[in-house]
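As structure tokens, the structure follows; a few thoughts come after it.
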Amino acid sequence: MATDPLLRHGPDSTDLVLRGGSPAGPARIALSSAGPALFTPLALVVPTLLVAFWMALAGARASTVFVVVGVIVGLEYLLGWSAVAFSRARRILRVEFAPAGVPGSLRLVRTAGPDDWLPVDTLREVRLTHEVVEPYEGDRKPAVSTLVLELVLRGGRERLVQLPFGGDPQRLADALEALLGPAGVVVELRSEHSTRPRPLSNSNWTSGGSASVGSAGG
């Protein structure tokens with residue numbers, strides 16, 4: 001379950017909470033990934049049908065085609081299941097900074113469990129990008145606000161999450177700066193605003209098509 005990122009202060013650590021929930025075991029992750037993995041064969045239905053089509057043109061028996069297609073679909077499902085399970089296992093739930101006052105170490109807590117503790121000076125920068133997509137004039141859909149968080153680590157970076165966000169990004173940035181500033185960690189906040197594109201009108205396309213036909217006939 002997604003939630004606005006927030007800093008939660010505890011007796012032993014200060015946690016940047018990105019998602020609700022707690023780490024789960026491998027069996028639970030695998031079971032929860034079984035359903036979404038069904039979309040993999042559906043997404044690859046066109047190449048699968050092409051294989052069946054070419055086999056039929058080559059004169060293969062219908063039973064052989066069904067067996068081959070079944071094996072392909074099964075492999076696609078297993079690959080999709082593995083990919084979904086791996087993605088969920090790597091999903092970051094929170095970032096823990098310890099001790100709670102002036103942190104000297106941090107670790108990422110993923111769905112599969114926590115990573116090893118790292119010295120806080122491994123973290124070079126925290127980047128927050130607040131993205132707001134405003135409705136166009138006459139659009140009934142509300143504005144969409146999301147927050148992207150990135151940790152710039154020594155030797156790489158970790159894109160934490162992109163979540164719907166209804167809070168105050170400046171308040172979160174200030175809280176992170178107060179927590180991590182003494183350790184020399186830079187906290188950067190960027191705001192990006194855009195307008196949702198207006199959908200193309202079908203009537204305009206139809207009118208343009210009719211005009212082309214008329215001019216061609218003349």
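To be explicit about the labels: the chains of the structure tokens are called A, B, and onward in the order shown, and within each one the residues are counted from 1, while ligands get numbers from 1 in the order they are shown.
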
Helix (DSSP H, G or I) per DSSP on the backbone: members of region 7-144 of chain A, as a PyMOL selection string: chain A and resi 26-34+36-43+45-57+62-90+120-122

Please tabulate, as JSON lines, the residues of region 21-139 of chain A that come within 10 Å of region 179-200 of chain A, each with its closest pair of atoms and the distance in Å to one decimal, counting only C-alpha atoms and ordering rows by chain, then residue number upward.
{"residue": "A:Phe97", "atom": "CA", "partner": "A:Leu179", "partner_atom": "CA", "distance": 9.0}
{"residue": "A:Ala100", "atom": "CA", "partner": "A:Leu179", "partner_atom": "CA", "distance": 8.9}
{"residue": "A:Gly101", "atom": "CA", "partner": "A:Leu179", "partner_atom": "CA", "distance": 7.7}
{"residue": "A:Val102", "atom": "CA", "partner": "A:Leu179", "partner_atom": "CA", "distance": 6.8}
{"residue": "A:Pro103", "atom": "CA", "partner": "A:Leu180", "partner_atom": "CA", "distance": 7.4}
{"residue": "A:Gly104", "atom": "CA", "partner": "A:Ala183", "partner_atom": "CA", "distance": 7.8}
{"residue": "A:Val120", "atom": "CA", "partner": "A:Ala183", "partner_atom": "CA", "distance": 7.1}
{"residue": "A:Asp121", "atom": "CA", "partner": "A:Ala183", "partner_atom": "CA", "distance": 6.8}
{"residue": "A:Thr122", "atom": "CA", "partner": "A:Val185", "partner_atom": "CA", "distance": 9.3}
{"residue": "A:Leu123", "atom": "CA", "partner": "A:Val185", "partner_atom": "CA", "distance": 6.6}
{"residue": "A:Arg124", "atom": "CA", "partner": "A:Val185", "partner_atom": "CA", "distance": 5.3}
{"residue": "A:Glu125", "atom": "CA", "partner": "A:Val186", "partner_atom": "CA", "distance": 4.6}
{"residue": "A:Val126", "atom": "CA", "partner": "A:Val187", "partner_atom": "CA", "distance": 4.8}
{"residue": "A:Arg127", "atom": "CA", "partner": "A:Glu188", "partner_atom": "CA", "distance": 4.9}
{"residue": "A:Leu128", "atom": "CA", "partner": "A:Leu189", "partner_atom": "CA", "distance": 4.8}
{"residue": "A:Thr129", "atom": "CA", "partner": "A:Arg190", "partner_atom": "CA", "distance": 4.8}
{"residue": "A:His130", "atom": "CA", "partner": "A:Ser191", "partner_atom": "CA", "distance": 4.7}
{"residue": "A:Glu131", "atom": "CA", "partner": "A:Glu192", "partner_atom": "CA", "distance": 4.8}
{"residue": "A:Val132", "atom": "CA", "partner": "A:His193", "partner_atom": "CA", "distance": 4.9}
{"residue": "A:Val133", "atom": "CA", "partner": "A:Ser194", "partner_atom": "CA", "distance": 4.9}
{"residue": "A:Glu134", "atom": "CA", "partner": "A:Thr195", "partner_atom": "CA", "distance": 4.6}
{"residue": "A:Pro135", "atom": "CA", "partner": "A:Arg196", "partner_atom": "CA", "distance": 5.3}
{"residue": "A:Tyr136", "atom": "CA", "partner": "A:Arg196", "partner_atom": "CA", "distance": 5.8}
{"residue": "A:Glu137", "atom": "CA", "partner": "A:Arg198", "partner_atom": "CA", "distance": 8.7}
{"residue": "A:Gly138", "atom": "CA", "partner": "A:Arg198", "partner_atom": "CA", "distance": 9.5}
{"residue": "A:Asp139", "atom": "CA", "partner": "A:Arg198", "partner_atom": "CA", "distance": 8.3}

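With CA of Leu50 (chain A) on one side and CA of Ile72 (chain A) on the other, the separation reads 11.8 Å.
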
Strand (DSSP E or B) per DSSP on the backbone: members of region 35-203 of chain A, as an MDAnalysis selection string: chainID A and resid 92:98 105:110 113:114 118:119 123:134 144:153 156:164 186:195

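Between Pro164 (chain A) and the candidates A:Val148, A:Arg94, A:Ala89, A:Val67, the tightest atom-to-atom separation, counting only C-alpha atoms, involves A:Val148.
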
Contact residues around Phe53 (chain A) with only C-alpha atoms at 12 Å, ignoring same-chain residues under 4 positions, as a PyMOL selection string: chain A and resi 46-49+57-62+65-66+68-69

Would you mind exporting N, CA and C atoms of the selected residues as a PDB file, in the first residue's frame?
ATOM      1  N   VAL A  46       1.112 -11.883 -29.531  1.00  0.00           N
ATOM      2  CA  VAL A  46       1.341 -11.720 -30.973  1.00  0.00           C
ATOM      3  C   VAL A  46       2.509 -12.580 -31.456  1.00  0.00           C
ATOM      4  N   PRO A  47       3.711 -12.496 -30.835  1.00  0.00           N
ATOM      5  CA  PRO A  47       4.789 -13.378 -31.314  1.00  0.00           C
ATOM      6  C   PRO A  47       4.462 -14.856 -31.132  1.00  0.00           C
ATOM      7  N   THR A  48       3.705 -15.207 -30.094  1.00  0.00           N
ATOM      8  CA  THR A  48       3.327 -16.607 -29.900  1.00  0.00           C
ATOM      9  C   THR A  48       2.430 -17.080 -31.033  1.00  0.00           C
ATOM     10  N   LEU A  49       1.472 -16.253 -31.428  1.00  0.00           N
ATOM     11  CA  LEU A  49       0.591 -16.611 -32.543  1.00  0.00           C
ATOM     12  C   LEU A  49       1.358 -16.676 -33.858  1.00  0.00           C
ATOM     13  N   LEU A  57       1.936 -23.150 -41.461  1.00  0.00           N
ATOM     14  CA  LEU A  57       2.326 -23.027 -42.867  1.00  0.00           C
ATOM     15  C   LEU A  57       3.365 -24.065 -43.264  1.00  0.00           C
ATOM     16  N   ALA A  58       4.209 -24.439 -42.290  1.00  0.00           N
ATOM     17  CA  ALA A  58       5.248 -25.426 -42.576  1.00  0.00           C
ATOM     18  C   ALA A  58       4.691 -26.841 -42.609  1.00  0.00           C
ATOM     19  N   GLY A  59       3.411 -26.996 -42.308  1.00  0.00           N
ATOM     20  CA  GLY A  59       2.791 -28.310 -42.384  1.00  0.00           C
ATOM     21  C   GLY A  59       2.776 -29.094 -41.087  1.00  0.00           C
ATOM     22  N   ALA A  60       3.049 -28.439 -39.963  1.00  0.00           N
ATOM     23  CA  ALA A  60       3.033 -29.149 -38.681  1.00  0.00           C
ATOM     24  C   ALA A  60       1.614 -29.538 -38.313  1.00  0.00           C
ATOM     25  N   ARG A  61       1.494 -30.655 -37.623  1.00  0.00           N
ATOM     26  CA  ARG A  61       0.178 -31.100 -37.174  1.00  0.00           C
ATOM     27  C   ARG A  61      -0.380 -30.138 -36.124  1.00  0.00           C
ATOM     28  N   ALA A  62      -1.701 -30.117 -36.055  1.00  0.00           N
ATOM     29  CA  ALA A  62      -2.356 -29.243 -35.086  1.00  0.00           C
ATOM     30  C   ALA A  62      -1.947 -29.595 -33.662  1.00  0.00           C
ATOM     31  N   VAL A  65       1.421 -28.160 -32.993  1.00  0.00           N
ATOM     32  CA  VAL A  65       1.340 -26.708 -32.807  1.00  0.00           C
ATOM     33  C   VAL A  65       0.840 -26.384 -31.405  1.00  0.00           C
ATOM     34  N   PHE A  66      -0.200 -27.079 -30.949  1.00  0.00           N
ATOM     35  CA  PHE A  66      -0.752 -26.820 -29.618  1.00  0.00           C
ATOM     36  C   PHE A  66       0.276 -27.101 -28.526  1.00  0.00           C
ATOM     37  N   VAL A  68       3.629 -27.043 -28.816  1.00  0.00           N
ATOM     38  CA  VAL A  68       4.687 -26.022 -28.862  1.00  0.00           C
ATOM     39  C   VAL A  68       4.189 -24.699 -28.285  1.00  0.00           C
ATOM     40  N   VAL A  69       2.975 -24.297 -28.669  1.00  0.00           N
ATOM     41  CA  VAL A  69       2.416 -23.051 -28.144  1.00  0.00           C
ATOM     42  C   VAL A  69       2.233 -23.144 -26.639  1.00  0.00           C
TER      43      VAL A  69
END

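In terms of minimum interatomic distance to Gly166 (chain A), A:Leu6 ranks closest within A:Leu16, A:Leu6, A:Leu42, A:Leu106, counting only C-alpha atoms.
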
Closest of A:Leu151, A:Met55, A:Leu38, A:Val109 to Ala24 (chain A) - atom-to-atom distances counting only C-alpha atoms: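 Closest candidate: A:Val109.
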
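CA of Asp168 (chain A) to CA of Leu147 (chain A) spans 10.3 Å [interatomic distance, one decimal].
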
Nearest to Val73 (chain A), chosen from A:Leu93, A:Val51, A:Phe86, A:Ala143, with only C-alpha atoms counted in the distances: A:Val51

Gap from CA of Asp12 (chain A) to CA of Leu118 (chain A) - Å, one decimal: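 Atom-to-atom, CA of Asp12 (chain A) and CA of Leu118 (chain A) are spaced 15.8 Å apart.
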
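The nearest approach to Pro41 (chain A) among the residues A:Val71, A:Gly21, A:Gly167, A:Arg8, with only C-alpha atoms taken into account, belongs to A:Val71.
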